$ cat input.cif   # mmCIF, N, CA and C atoms and all ligand atoms
data_query
loop_
_atom_site.group_PDB
_atom_site.id
_atom_site.type_symbol
_atom_site.label_atom_id
_atom_site.label_comp_id
_atom_site.auth_asym_id
_atom_site.auth_seq_id
_atom_site.Cartn_x
_atom_site.Cartn_y
_atom_site.Cartn_z
ATOM 1 N N MET A 32 23.468 -5.839 -66.991
ATOM 2 C CA MET A 32 23.945 -6.607 -65.859
ATOM 3 C C MET A 32 24.636 -5.663 -64.879
ATOM 4 N N ILE A 33 24.174 -5.722 -63.635
ATOM 5 C CA ILE A 33 24.782 -4.867 -62.600
ATOM 6 C C ILE A 33 25.875 -5.656 -61.895
ATOM 7 N N VAL A 34 27.058 -5.086 -61.812
ATOM 8 C CA VAL A 34 28.187 -5.704 -61.123
ATOM 9 C C VAL A 34 28.568 -4.808 -59.947
ATOM 10 N N LYS A 35 28.543 -5.379 -58.743
ATOM 11 C CA LYS A 35 28.875 -4.598 -57.557
ATOM 12 C C LYS A 35 30.390 -4.503 -57.402
ATOM 13 N N VAL A 36 30.870 -3.273 -57.247
ATOM 14 C CA VAL A 36 32.296 -3.053 -57.010
ATOM 15 C C VAL A 36 32.554 -3.319 -55.532
ATOM 16 N N SER A 37 33.449 -4.271 -55.246
ATOM 17 C CA SER A 37 33.750 -4.566 -53.847
ATOM 18 C C SER A 37 34.808 -3.593 -53.333
ATOM 19 N N SER A 38 34.835 -3.407 -52.045
ATOM 20 C CA SER A 38 35.744 -2.424 -51.444
ATOM 21 C C SER A 38 37.186 -2.924 -51.400
ATOM 22 N N ALA A 39 37.392 -4.210 -51.737
ATOM 23 C CA ALA A 39 38.742 -4.750 -51.808
ATOM 24 C C ALA A 39 38.772 -5.828 -52.880
ATOM 25 N N ILE A 40 39.919 -5.923 -53.570
ATOM 26 C CA ILE A 40 40.047 -6.916 -54.633
ATOM 27 C C ILE A 40 41.428 -7.558 -54.547
ATOM 28 N N GLN A 41 41.444 -8.885 -54.665
ATOM 29 C CA GLN A 41 42.694 -9.642 -54.623
ATOM 30 C C GLN A 41 43.281 -9.692 -56.030
ATOM 31 N N ILE A 42 44.524 -9.253 -56.166
ATOM 32 C CA ILE A 42 45.217 -9.323 -57.450
ATOM 33 C C ILE A 42 46.572 -9.971 -57.176
ATOM 34 N N GLY A 43 46.787 -11.163 -57.737
ATOM 35 C CA GLY A 43 47.968 -11.936 -57.358
ATOM 36 C C GLY A 43 47.860 -12.254 -55.872
ATOM 37 N N GLY A 44 48.935 -12.054 -55.151
ATOM 38 C CA GLY A 44 48.898 -12.300 -53.701
ATOM 39 C C GLY A 44 48.579 -11.061 -52.896
ATOM 40 N N HIS A 45 48.082 -10.026 -53.542
ATOM 41 C CA HIS A 45 47.956 -8.724 -52.877
ATOM 42 C C HIS A 45 46.505 -8.260 -52.854
ATOM 43 N N LEU A 46 46.112 -7.699 -51.700
ATOM 44 C CA LEU A 46 44.749 -7.203 -51.533
ATOM 45 C C LEU A 46 44.749 -5.686 -51.682
ATOM 46 N N TYR A 47 44.097 -5.197 -52.711
ATOM 47 C CA TYR A 47 43.989 -3.756 -52.953
ATOM 48 C C TYR A 47 42.620 -3.267 -52.489
ATOM 49 N N GLN A 48 42.611 -2.173 -51.747
ATOM 50 C CA GLN A 48 41.373 -1.532 -51.315
ATOM 51 C C GLN A 48 40.919 -0.576 -52.419
ATOM 52 N N ILE A 49 39.614 -0.400 -52.537
ATOM 53 C CA ILE A 49 39.054 0.543 -53.505
ATOM 54 C C ILE A 49 38.194 1.548 -52.737
ATOM 55 N N CYS A 50 38.446 2.830 -52.970
ATOM 56 C CA CYS A 50 37.612 3.843 -52.325
ATOM 57 C C CYS A 50 37.539 5.088 -53.216
ATOM 58 N N PHE A 51 36.636 5.991 -52.853
ATOM 59 C CA PHE A 51 36.546 7.287 -53.532
ATOM 60 C C PHE A 51 37.511 8.251 -52.857
ATOM 61 N N ASP A 52 37.985 9.217 -53.624
ATOM 62 C CA ASP A 52 38.850 10.259 -53.051
ATOM 63 C C ASP A 52 38.428 11.604 -53.642
ATOM 64 N N HIS A 53 37.869 12.443 -52.774
ATOM 65 C CA HIS A 53 37.378 13.754 -53.200
ATOM 66 C C HIS A 53 38.509 14.634 -53.759
ATOM 67 N N ASP A 54 39.742 14.406 -53.284
ATOM 68 C CA ASP A 54 40.878 15.228 -53.741
ATOM 69 C C ASP A 54 41.141 15.058 -55.238
ATOM 70 N N LEU A 55 40.744 13.917 -55.810
ATOM 71 C CA LEU A 55 40.955 13.698 -57.245
ATOM 72 C C LEU A 55 40.168 14.715 -58.070
ATOM 73 N N GLN A 56 39.045 15.154 -57.520
ATOM 74 C CA GLN A 56 38.207 16.127 -58.214
ATOM 75 C C GLN A 56 38.968 17.447 -58.395
ATOM 76 N N ASP A 57 39.690 17.869 -57.365
ATOM 77 C CA ASP A 57 40.442 19.123 -57.432
ATOM 78 C C ASP A 57 41.564 19.025 -58.465
ATOM 79 N N ARG A 58 42.144 17.831 -58.611
ATOM 80 C CA ARG A 58 43.249 17.652 -59.568
ATOM 81 C C ARG A 58 42.742 17.236 -60.950
ATOM 82 N N ASN A 59 41.401 17.103 -61.070
ATOM 83 C CA ASN A 59 40.781 16.703 -62.333
ATOM 84 C C ASN A 59 41.270 15.327 -62.796
ATOM 85 N N ASP A 60 41.595 14.453 -61.849
ATOM 86 C CA ASP A 60 41.974 13.077 -62.152
ATOM 87 C C ASP A 60 40.758 12.167 -61.995
ATOM 88 N N TRP A 61 40.727 11.095 -62.778
ATOM 89 C CA TRP A 61 39.604 10.159 -62.693
ATOM 90 C C TRP A 61 39.882 9.064 -61.674
ATOM 91 N N GLY A 62 41.182 8.697 -61.533
ATOM 92 C CA GLY A 62 41.527 7.630 -60.607
ATOM 93 C C GLY A 62 43.020 7.611 -60.363
ATOM 94 N N GLU A 63 43.406 6.798 -59.386
ATOM 95 C CA GLU A 63 44.823 6.742 -59.018
ATOM 96 C C GLU A 63 45.062 5.422 -58.298
ATOM 97 N N VAL A 64 46.298 4.914 -58.375
ATOM 98 C CA VAL A 64 46.656 3.735 -57.582
ATOM 99 C C VAL A 64 47.953 4.025 -56.848
ATOM 100 N N ASN A 65 47.991 3.597 -55.580
ATOM 101 C CA ASN A 65 49.216 3.687 -54.777
ATOM 102 C C ASN A 65 49.614 2.256 -54.454
ATOM 103 N N HIS A 66 50.725 1.795 -55.064
ATOM 104 C CA HIS A 66 51.141 0.402 -54.876
ATOM 105 C C HIS A 66 51.715 0.163 -53.479
ATOM 106 N N HIS A 67 52.202 1.202 -52.824
ATOM 107 C CA HIS A 67 52.782 1.040 -51.488
ATOM 108 C C HIS A 67 51.688 0.795 -50.449
ATOM 109 N N THR A 68 50.589 1.556 -50.572
ATOM 110 C CA THR A 68 49.479 1.373 -49.624
ATOM 111 C C THR A 68 48.432 0.400 -50.177
ATOM 112 N N GLN A 69 48.614 -0.043 -51.432
ATOM 113 C CA GLN A 69 47.671 -0.947 -52.101
ATOM 114 C C GLN A 69 46.257 -0.378 -52.071
ATOM 115 N N LEU A 70 46.183 0.881 -52.502
ATOM 116 C CA LEU A 70 44.914 1.609 -52.498
ATOM 117 C C LEU A 70 44.615 2.154 -53.894
ATOM 118 N N ILE A 71 43.424 1.807 -54.395
ATOM 119 C CA ILE A 71 42.923 2.370 -55.659
ATOM 120 C C ILE A 71 41.863 3.393 -55.295
ATOM 121 N N THR A 72 42.042 4.628 -55.784
ATOM 122 C CA THR A 72 41.058 5.665 -55.500
ATOM 123 C C THR A 72 40.412 6.119 -56.804
ATOM 124 N N ILE A 73 39.114 6.398 -56.724
ATOM 125 C CA ILE A 73 38.318 6.781 -57.888
ATOM 126 C C ILE A 73 37.614 8.104 -57.586
ATOM 127 N N ASN A 74 37.503 8.946 -58.619
ATOM 128 C CA ASN A 74 36.794 10.225 -58.500
ATOM 129 C C ASN A 74 35.294 9.961 -58.648
ATOM 130 N N GLU A 75 34.583 10.080 -57.538
ATOM 131 C CA GLU A 75 33.146 9.757 -57.517
ATOM 132 C C GLU A 75 32.331 10.699 -58.387
ATOM 133 N N SER A 76 32.836 11.911 -58.635
ATOM 134 C CA SER A 76 32.042 12.914 -59.347
ATOM 135 C C SER A 76 32.028 12.686 -60.860
ATOM 136 N N ARG A 77 32.854 11.758 -61.363
ATOM 137 C CA ARG A 77 32.876 11.528 -62.812
ATOM 138 C C ARG A 77 31.626 10.765 -63.261
ATOM 139 N N LEU A 78 31.349 10.834 -64.564
ATOM 140 C CA LEU A 78 30.212 10.111 -65.133
ATOM 141 C C LEU A 78 30.459 8.607 -65.011
ATOM 142 N N ALA A 79 29.374 7.822 -65.100
ATOM 143 C CA ALA A 79 29.462 6.371 -64.880
ATOM 144 C C ALA A 79 30.498 5.722 -65.790
ATOM 145 N N SER A 80 30.500 6.065 -67.074
ATOM 146 C CA SER A 80 31.450 5.432 -68.002
ATOM 147 C C SER A 80 32.886 5.826 -67.650
ATOM 148 N N GLN A 81 33.065 7.046 -67.139
ATOM 149 C CA GLN A 81 34.404 7.501 -66.768
ATOM 150 C C GLN A 81 34.888 6.807 -65.507
ATOM 151 N N ARG A 82 33.980 6.580 -64.558
ATOM 152 C CA ARG A 82 34.358 5.848 -63.345
ATOM 153 C C ARG A 82 34.727 4.410 -63.709
ATOM 154 N N THR A 83 33.962 3.797 -64.611
ATOM 155 C CA THR A 83 34.281 2.436 -65.053
ATOM 156 C C THR A 83 35.656 2.401 -65.693
ATOM 157 N N GLU A 84 35.910 3.356 -66.584
ATOM 158 C CA GLU A 84 37.215 3.389 -67.274
ATOM 159 C C GLU A 84 38.334 3.599 -66.265
ATOM 160 N N ALA A 85 38.091 4.447 -65.282
ATOM 161 C CA ALA A 85 39.130 4.727 -64.274
ATOM 162 C C ALA A 85 39.454 3.469 -63.471
ATOM 163 N N LEU A 86 38.421 2.719 -63.087
ATOM 164 C CA LEU A 86 38.673 1.493 -62.316
ATOM 165 C C LEU A 86 39.424 0.466 -63.162
ATOM 166 N N VAL A 87 38.987 0.256 -64.401
ATOM 167 C CA VAL A 87 39.667 -0.694 -65.287
ATOM 168 C C VAL A 87 41.115 -0.256 -65.491
ATOM 169 N N HIS A 88 41.306 1.038 -65.695
ATOM 170 C CA HIS A 88 42.642 1.613 -65.912
ATOM 171 C C HIS A 88 43.569 1.319 -64.731
ATOM 172 N N GLU A 89 43.093 1.607 -63.521
ATOM 173 C CA GLU A 89 43.949 1.391 -62.341
ATOM 174 C C GLU A 89 44.176 -0.103 -62.107
ATOM 175 N N LEU A 90 43.174 -0.935 -62.367
ATOM 176 C CA LEU A 90 43.355 -2.386 -62.231
ATOM 177 C C LEU A 90 44.406 -2.892 -63.213
ATOM 178 N N LEU A 91 44.427 -2.350 -64.431
ATOM 179 C CA LEU A 91 45.446 -2.753 -65.408
ATOM 180 C C LEU A 91 46.839 -2.355 -64.945
ATOM 181 N N HIS A 92 46.949 -1.186 -64.286
ATOM 182 C CA HIS A 92 48.252 -0.809 -63.714
ATOM 183 C C HIS A 92 48.705 -1.851 -62.687
ATOM 184 N N VAL A 93 47.776 -2.295 -61.835
ATOM 185 C CA VAL A 93 48.119 -3.267 -60.793
ATOM 186 C C VAL A 93 48.479 -4.607 -61.437
ATOM 187 N N ILE A 94 47.671 -5.047 -62.390
ATOM 188 C CA ILE A 94 47.904 -6.335 -63.056
ATOM 189 C C ILE A 94 49.262 -6.326 -63.759
ATOM 190 N N SER A 95 49.574 -5.243 -64.472
ATOM 191 C CA SER A 95 50.856 -5.200 -65.188
ATOM 192 C C SER A 95 52.020 -5.191 -64.207
ATOM 193 N N ARG A 96 51.864 -4.513 -63.061
ATOM 194 C CA ARG A 96 52.949 -4.466 -62.070
ATOM 195 C C ARG A 96 53.168 -5.834 -61.430
ATOM 196 N N ILE A 97 52.071 -6.513 -61.081
ATOM 197 C CA ILE A 97 52.186 -7.771 -60.343
ATOM 198 C C ILE A 97 52.543 -8.944 -61.263
ATOM 199 N N PHE A 98 51.916 -9.004 -62.435
ATOM 200 C CA PHE A 98 52.110 -10.179 -63.288
ATOM 201 C C PHE A 98 53.154 -9.975 -64.383
ATOM 202 N N TYR A 99 53.473 -8.727 -64.692
ATOM 203 C CA TYR A 99 54.425 -8.469 -65.764
ATOM 204 C C TYR A 99 55.770 -7.996 -65.230
ATOM 205 N N HIS A 100 55.778 -7.451 -64.007
ATOM 206 C CA HIS A 100 57.009 -7.083 -63.304
ATOM 207 C C HIS A 100 57.866 -6.064 -64.030
ATOM 208 N N SER A 101 57.237 -5.213 -64.823
ATOM 209 C CA SER A 101 58.001 -4.152 -65.470
ATOM 210 C C SER A 101 57.101 -2.961 -65.704
ATOM 211 N N ASN A 102 57.585 -1.789 -65.371
ATOM 212 C CA ASN A 102 56.857 -0.567 -65.723
ATOM 213 C C ASN A 102 57.506 0.112 -66.916
ATOM 214 N N ASP A 103 58.648 -0.451 -67.391
ATOM 215 C CA ASP A 103 59.417 0.231 -68.423
ATOM 216 C C ASP A 103 58.717 0.237 -69.783
ATOM 217 N N ASP A 104 58.141 -0.910 -70.164
ATOM 218 C CA ASP A 104 57.526 -0.945 -71.496
ATOM 219 C C ASP A 104 56.001 -1.043 -71.429
ATOM 220 N N VAL A 105 55.427 -0.871 -70.243
ATOM 221 C CA VAL A 105 53.970 -0.733 -70.139
ATOM 222 C C VAL A 105 53.706 0.756 -69.952
ATOM 223 N N THR A 106 53.435 1.423 -71.056
ATOM 224 C CA THR A 106 53.302 2.877 -71.028
ATOM 225 C C THR A 106 51.907 3.290 -70.590
ATOM 226 N N GLU A 107 51.802 4.543 -70.192
ATOM 227 C CA GLU A 107 50.488 5.115 -69.849
ATOM 228 C C GLU A 107 49.559 5.036 -71.074
ATOM 229 N N GLN A 108 50.130 5.219 -72.258
ATOM 230 C CA GLN A 108 49.321 5.169 -73.484
ATOM 231 C C GLN A 108 48.748 3.766 -73.696
ATOM 232 N N LEU A 109 49.580 2.735 -73.442
ATOM 233 C CA LEU A 109 49.112 1.358 -73.596
ATOM 234 C C LEU A 109 48.004 1.055 -72.593
ATOM 235 N N ILE A 110 48.212 1.427 -71.333
ATOM 236 C CA ILE A 110 47.187 1.202 -70.311
ATOM 237 C C ILE A 110 45.899 1.936 -70.694
ATOM 238 N N GLY A 111 46.047 3.186 -71.142
ATOM 239 C CA GLY A 111 44.873 3.979 -71.525
ATOM 240 C C GLY A 111 44.121 3.364 -72.694
ATOM 241 N N SER A 112 44.852 2.864 -73.681
ATOM 242 C CA SER A 112 44.209 2.239 -74.846
ATOM 243 C C SER A 112 43.448 0.980 -74.436
ATOM 244 N N MET A 113 44.089 0.160 -73.610
ATOM 245 C CA MET A 113 43.433 -1.090 -73.195
ATOM 246 C C MET A 113 42.229 -0.818 -72.302
ATOM 247 N N SER A 114 42.351 0.167 -71.410
ATOM 248 C CA SER A 114 41.226 0.428 -70.508
ATOM 249 C C SER A 114 40.046 1.026 -71.271
ATOM 250 N N GLU A 115 40.313 1.868 -72.257
ATOM 251 C CA GLU A 115 39.213 2.395 -73.073
ATOM 252 C C GLU A 115 38.558 1.268 -73.877
ATOM 253 N N GLY A 116 39.365 0.372 -74.431
ATOM 254 C CA GLY A 116 38.820 -0.745 -75.199
ATOM 255 C C GLY A 116 37.981 -1.671 -74.340
ATOM 256 N N LEU A 117 38.480 -2.017 -73.158
ATOM 257 C CA LEU A 117 37.725 -2.895 -72.254
ATOM 258 C C LEU A 117 36.443 -2.217 -71.771
ATOM 259 N N THR A 118 36.534 -0.916 -71.497
ATOM 260 C CA THR A 118 35.336 -0.187 -71.054
ATOM 261 C C THR A 118 34.271 -0.209 -72.148
ATOM 262 N N GLN A 119 34.694 -0.049 -73.405
ATOM 263 C CA GLN A 119 33.735 -0.092 -74.516
ATOM 264 C C GLN A 119 33.055 -1.459 -74.577
ATOM 265 N N VAL A 120 33.834 -2.521 -74.404
ATOM 266 C CA VAL A 120 33.266 -3.871 -74.416
ATOM 267 C C VAL A 120 32.258 -4.033 -73.273
ATOM 268 N N PHE A 121 32.632 -3.582 -72.062
ATOM 269 C CA PHE A 121 31.723 -3.703 -70.910
ATOM 270 C C PHE A 121 30.431 -2.933 -71.149
ATOM 271 N N VAL A 122 30.545 -1.707 -71.685
ATOM 272 C CA VAL A 122 29.353 -0.889 -71.943
ATOM 273 C C VAL A 122 28.460 -1.589 -72.961
ATOM 274 N N GLU A 123 29.062 -2.143 -74.014
ATOM 275 C CA GLU A 123 28.258 -2.807 -75.047
ATOM 276 C C GLU A 123 27.648 -4.107 -74.545
ATOM 277 N N LEU A 124 28.273 -4.743 -73.553
ATOM 278 C CA LEU A 124 27.705 -5.948 -72.942
ATOM 279 C C LEU A 124 26.601 -5.601 -71.940
ATOM 280 N N GLY A 125 26.444 -4.302 -71.660
ATOM 281 C CA GLY A 125 25.423 -3.876 -70.708
ATOM 282 C C GLY A 125 25.855 -3.970 -69.256
ATOM 283 N N VAL A 126 27.162 -3.987 -69.026
ATOM 284 C CA VAL A 126 27.682 -4.045 -67.651
ATOM 285 C C VAL A 126 27.584 -2.649 -67.030
ATOM 286 N N GLU A 127 26.911 -2.573 -65.887
ATOM 287 C CA GLU A 127 26.855 -1.329 -65.113
ATOM 288 C C GLU A 127 27.427 -1.614 -63.740
ATOM 289 N N LEU A 128 28.272 -0.713 -63.270
ATOM 290 C CA LEU A 128 28.897 -0.910 -61.966
ATOM 291 C C LEU A 128 28.054 -0.273 -60.866
ATOM 292 N N ASP A 129 27.893 -1.024 -59.781
ATOM 293 C CA ASP A 129 27.202 -0.549 -58.581
ATOM 294 C C ASP A 129 28.284 -0.182 -57.563
ATOM 295 N N TRP A 130 28.373 1.092 -57.236
ATOM 296 C CA TRP A 130 29.438 1.602 -56.363
ATOM 297 C C TRP A 130 28.977 1.751 -54.924
ATOM 298 N N SER A 131 27.829 1.182 -54.557
ATOM 299 C CA SER A 131 27.228 1.471 -53.247
ATOM 300 C C SER A 131 28.067 0.994 -52.062
ATOM 301 N N ASP A 132 28.978 0.041 -52.262
ATOM 302 C CA ASP A 132 29.831 -0.426 -51.158
ATOM 303 C C ASP A 132 31.108 0.407 -51.004
ATOM 304 N N ILE A 133 31.328 1.343 -51.930
ATOM 305 C CA ILE A 133 32.581 2.091 -51.919
ATOM 306 C C ILE A 133 32.437 3.343 -51.060
ATOM 307 N N LYS A 134 33.396 3.522 -50.185
ATOM 308 C CA LYS A 134 33.378 4.637 -49.221
ATOM 309 C C LYS A 134 34.439 5.674 -49.617
ATOM 310 N N GLU A 135 34.295 6.863 -49.053
ATOM 311 C CA GLU A 135 35.294 7.914 -49.233
ATOM 312 C C GLU A 135 36.568 7.537 -48.473
ATOM 313 N N LYS A 136 37.713 7.870 -49.056
ATOM 314 C CA LYS A 136 39.010 7.605 -48.415
ATOM 315 C C LYS A 136 39.079 8.314 -47.059
ATOM 316 N N GLU A 137 39.618 7.624 -46.065
ATOM 317 C CA GLU A 137 39.720 8.220 -44.712
ATOM 318 C C GLU A 137 40.948 9.103 -44.598
HETATM 319 ZN ZN ZN B 201 47.468 5.444 -65.600
#

$ encode --input "input.cif" --output "structure tokens" --more "lines below"
Ligand SMILES: [Zn+2]
Amino acid sequence: MIVKVSSAIQIGGHLYQICFDHDLQDRNDWGEVNHHTQLITINESRLASQRTEALVHELLHVISRIFYHSNDDVTEQLIGSMSEGLTQVFVELGVELDWSDIKEKE
């Protein structure tokens, strides 16, 4: 099943933009979220499963911030474990992400 990644996603009352950022490649990061600008950036050069994991990972950061209202006990390890688990489920369900609507960060 192909799922198209939209360039913006509503989470709670907030609209987050999704784009690629070439600078992530230099820092060897897969993805990043900026809650102030409400921007999720993904490293386009990563493999498909890694891009999927990066998007799920950053979305979990946004979800935990908006719906859980605490960063103190939502650790990077917890987010990483959940995003890897969800990515495995998506891969086994045959979910493939279509990134054709996603543009490079301006
Ligand atoms: Zn993280």

$ resolve_selection --input "input.cif" --expression "the PyMOL selection byres (((chain A and resi 81-86) around 6.5) and not hetatm)" --output "ChimeraX atom specification"
/A:61-62,74,77-80,87-91,114-115,118

$ write_last_selection --input "input.cif" --atoms "N, CA and C atoms" --output "tab-separated table (two decimals), in the coordinates of the input"
chain	number	residue	atom	x	y	z
A	61	TRP	N	40.73	11.10	-62.78
A	61	TRP	CA	39.60	10.16	-62.69
A	61	TRP	C	39.88	9.06	-61.67
A	62	GLY	N	41.18	8.70	-61.53
A	62	GLY	CA	41.53	7.63	-60.61
A	62	GLY	C	43.02	7.61	-60.36
A	74	ASN	N	37.50	8.95	-58.62
A	74	ASN	CA	36.79	10.22	-58.50
A	74	ASN	C	35.29	9.96	-58.65
A	77	ARG	N	32.85	11.76	-61.36
A	77	ARG	CA	32.88	11.53	-62.81
A	77	ARG	C	31.63	10.76	-63.26
A	78	LEU	N	31.35	10.83	-64.56
A	78	LEU	CA	30.21	10.11	-65.13
A	78	LEU	C	30.46	8.61	-65.01
A	79	ALA	N	29.37	7.82	-65.10
A	79	ALA	CA	29.46	6.37	-64.88
A	79	ALA	C	30.50	5.72	-65.79
A	80	SER	N	30.50	6.06	-67.07
A	80	SER	CA	31.45	5.43	-68.00
A	80	SER	C	32.89	5.83	-67.65
A	87	VAL	N	38.99	0.26	-64.40
A	87	VAL	CA	39.67	-0.69	-65.29
A	87	VAL	C	41.12	-0.26	-65.49
A	88	HIS	N	41.31	1.04	-65.69
A	88	HIS	CA	42.64	1.61	-65.91
A	88	HIS	C	43.57	1.32	-64.73
A	89	GLU	N	43.09	1.61	-63.52
A	89	GLU	CA	43.95	1.39	-62.34
A	89	GLU	C	44.18	-0.10	-62.11
A	90	LEU	N	43.17	-0.94	-62.37
A	90	LEU	CA	43.36	-2.39	-62.23
A	90	LEU	C	44.41	-2.89	-63.21
A	91	LEU	N	44.43	-2.35	-64.43
A	91	LEU	CA	45.45	-2.75	-65.41
A	91	LEU	C	46.84	-2.36	-64.94
A	114	SER	N	42.35	0.17	-71.41
A	114	SER	CA	41.23	0.43	-70.51
A	114	SER	C	40.05	1.03	-71.27
A	115	GLU	N	40.31	1.87	-72.26
A	115	GLU	CA	39.21	2.40	-73.07
A	115	GLU	C	38.56	1.27	-73.88
A	118	THR	N	36.53	-0.92	-71.50
A	118	THR	CA	35.34	-0.19	-71.05
A	118	THR	C	34.27	-0.21	-72.15

$ atom_distance --input "input.cif" --atom1 "atom N of His67 in chain A" --atom2 "atom C of Leu109 in chain A"
20.2 Å

$ atom_distance --input "input.cif" --atom1 "CA of Glu123 in chain A" --atom2 "atom N of Ile33 in chain A"
12.5 Å

$ closest_residue --input "input.cif" --among "A:Glu75, A:Asp52, A:Ile42, A:Glu63" --to "Phe98 in chain A" --atoms "all atoms listed in the file"
A:Ile42

$ select_by_dssp --input "input.cif" --residues "chain A" --states "alpha helix (DSSP H)" --output "number ranges by chain"
A: 54-57, 79-94, 107-123

$ atom_distance --input "input.cif" --atom1 "atom N of Ile73 in chain A" --atom2 "atom N of Leu55 in chain A"
7.7 Å

$ resolve_selection --input "input.cif" --expression "the PyMOL selection byres (((chain A and resi 126-130 and name CA) around 7) and not hetatm and name CA)" --output "PyMOL selection string"
chain A and resi 32-36+121-122+124-125+131-133

$ closest_residue --input "input.cif" --among "A:Ile71, A:Ile49, A:Ala39, A:Val64" --to "ligand ZN 201 (chain B)" --atoms "all atoms listed in the file"
A:Val64

$ closest_residue --input "input.cif" --among "A:Gln108, A:Gln69, A:Ser95, A:Gln119" --to "ligand ZN 201 (chain B)" --atoms "all atoms listed in the file"
A:Gln108

$ select_by_dssp --input "input.cif" --residues "chain A" --states "strand (DSSP E)" --output "list in words"
Ile33, Val34, Lys35, Ala39, Ile40, Gln41, Ile42, His45, Leu46, Tyr47, Gln48, Ile49, Cys50, Phe51, Gly62, Glu63, Val64, Asn65, Leu70, Ile71, Thr72, Ile73, Glu127, Leu128 and Asp129 of chain A

$ write_last_selection --input "input.cif" --atoms "N, CA and C atoms" --output "mmCIF file, in the frame of the given file"
data_model
loop_
_atom_site.group_PDB
_atom_site.id
_atom_site.type_symbol
_atom_site.label_atom_id
_atom_site.label_comp_id
_atom_site.auth_asym_id
_atom_site.auth_seq_id
_atom_site.Cartn_x
_atom_site.Cartn_y
_atom_site.Cartn_z
ATOM 1 N N ILE A 33 24.174 -5.722 -63.635
ATOM 2 C CA ILE A 33 24.782 -4.867 -62.600
ATOM 3 C C ILE A 33 25.875 -5.656 -61.895
ATOM 4 N N VAL A 34 27.058 -5.086 -61.812
ATOM 5 C CA VAL A 34 28.187 -5.704 -61.123
ATOM 6 C C VAL A 34 28.568 -4.808 -59.947
ATOM 7 N N LYS A 35 28.543 -5.379 -58.743
ATOM 8 C CA LYS A 35 28.875 -4.598 -57.557
ATOM 9 C C LYS A 35 30.390 -4.503 -57.402
ATOM 10 N N ALA A 39 37.392 -4.210 -51.737
ATOM 11 C CA ALA A 39 38.742 -4.750 -51.808
ATOM 12 C C ALA A 39 38.772 -5.828 -52.880
ATOM 13 N N ILE A 40 39.919 -5.923 -53.570
ATOM 14 C CA ILE A 40 40.047 -6.916 -54.633
ATOM 15 C C ILE A 40 41.428 -7.558 -54.547
ATOM 16 N N GLN A 41 41.444 -8.885 -54.665
ATOM 17 C CA GLN A 41 42.694 -9.642 -54.623
ATOM 18 C C GLN A 41 43.281 -9.692 -56.030
ATOM 19 N N ILE A 42 44.524 -9.253 -56.166
ATOM 20 C CA ILE A 42 45.217 -9.323 -57.450
ATOM 21 C C ILE A 42 46.572 -9.971 -57.176
ATOM 22 N N HIS A 45 48.082 -10.026 -53.542
ATOM 23 C CA HIS A 45 47.956 -8.724 -52.877
ATOM 24 C C HIS A 45 46.505 -8.260 -52.854
ATOM 25 N N LEU A 46 46.112 -7.699 -51.700
ATOM 26 C CA LEU A 46 44.749 -7.203 -51.533
ATOM 27 C C LEU A 46 44.749 -5.686 -51.682
ATOM 28 N N TYR A 47 44.097 -5.197 -52.711
ATOM 29 C CA TYR A 47 43.989 -3.756 -52.953
ATOM 30 C C TYR A 47 42.620 -3.267 -52.489
ATOM 31 N N GLN A 48 42.611 -2.173 -51.747
ATOM 32 C CA GLN A 48 41.373 -1.532 -51.315
ATOM 33 C C GLN A 48 40.919 -0.576 -52.419
ATOM 34 N N ILE A 49 39.614 -0.400 -52.537
ATOM 35 C CA ILE A 49 39.054 0.543 -53.505
ATOM 36 C C ILE A 49 38.194 1.548 -52.737
ATOM 37 N N CYS A 50 38.446 2.830 -52.970
ATOM 38 C CA CYS A 50 37.612 3.843 -52.325
ATOM 39 C C CYS A 50 37.539 5.088 -53.216
ATOM 40 N N PHE A 51 36.636 5.991 -52.853
ATOM 41 C CA PHE A 51 36.546 7.287 -53.532
ATOM 42 C C PHE A 51 37.511 8.251 -52.857
ATOM 43 N N GLY A 62 41.182 8.697 -61.533
ATOM 44 C CA GLY A 62 41.527 7.630 -60.607
ATOM 45 C C GLY A 62 43.020 7.611 -60.363
ATOM 46 N N GLU A 63 43.406 6.798 -59.386
ATOM 47 C CA GLU A 63 44.823 6.742 -59.018
ATOM 48 C C GLU A 63 45.062 5.422 -58.298
ATOM 49 N N VAL A 64 46.298 4.914 -58.375
ATOM 50 C CA VAL A 64 46.656 3.735 -57.582
ATOM 51 C C VAL A 64 47.953 4.025 -56.848
ATOM 52 N N ASN A 65 47.991 3.597 -55.580
ATOM 53 C CA ASN A 65 49.216 3.687 -54.777
ATOM 54 C C ASN A 65 49.614 2.256 -54.454
ATOM 55 N N LEU A 70 46.183 0.881 -52.502
ATOM 56 C CA LEU A 70 44.914 1.609 -52.498
ATOM 57 C C LEU A 70 44.615 2.154 -53.894
ATOM 58 N N ILE A 71 43.424 1.807 -54.395
ATOM 59 C CA ILE A 71 42.923 2.370 -55.659
ATOM 60 C C ILE A 71 41.863 3.393 -55.295
ATOM 61 N N THR A 72 42.042 4.628 -55.784
ATOM 62 C CA THR A 72 41.058 5.665 -55.500
ATOM 63 C C THR A 72 40.412 6.119 -56.804
ATOM 64 N N ILE A 73 39.114 6.398 -56.724
ATOM 65 C CA ILE A 73 38.318 6.781 -57.888
ATOM 66 C C ILE A 73 37.614 8.104 -57.586
ATOM 67 N N GLU A 127 26.911 -2.573 -65.887
ATOM 68 C CA GLU A 127 26.855 -1.329 -65.113
ATOM 69 C C GLU A 127 27.427 -1.614 -63.740
ATOM 70 N N LEU A 128 28.272 -0.713 -63.270
ATOM 71 C CA LEU A 128 28.897 -0.910 -61.966
ATOM 72 C C LEU A 128 28.054 -0.273 -60.866
ATOM 73 N N ASP A 129 27.893 -1.024 -59.781
ATOM 74 C CA ASP A 129 27.202 -0.549 -58.581
ATOM 75 C C ASP A 129 28.284 -0.182 -57.563
#

$ axis_aligned_box --input "input.cif" --around "range 107-114 of chain A" --padding-each-side "3 Å" --output "JSON"
{"center_x": 45.9, "center_y": 2.1, "center_z": -72.3, "size_x": 17.8, "size_y": 12.3, "size_z": 11.0}
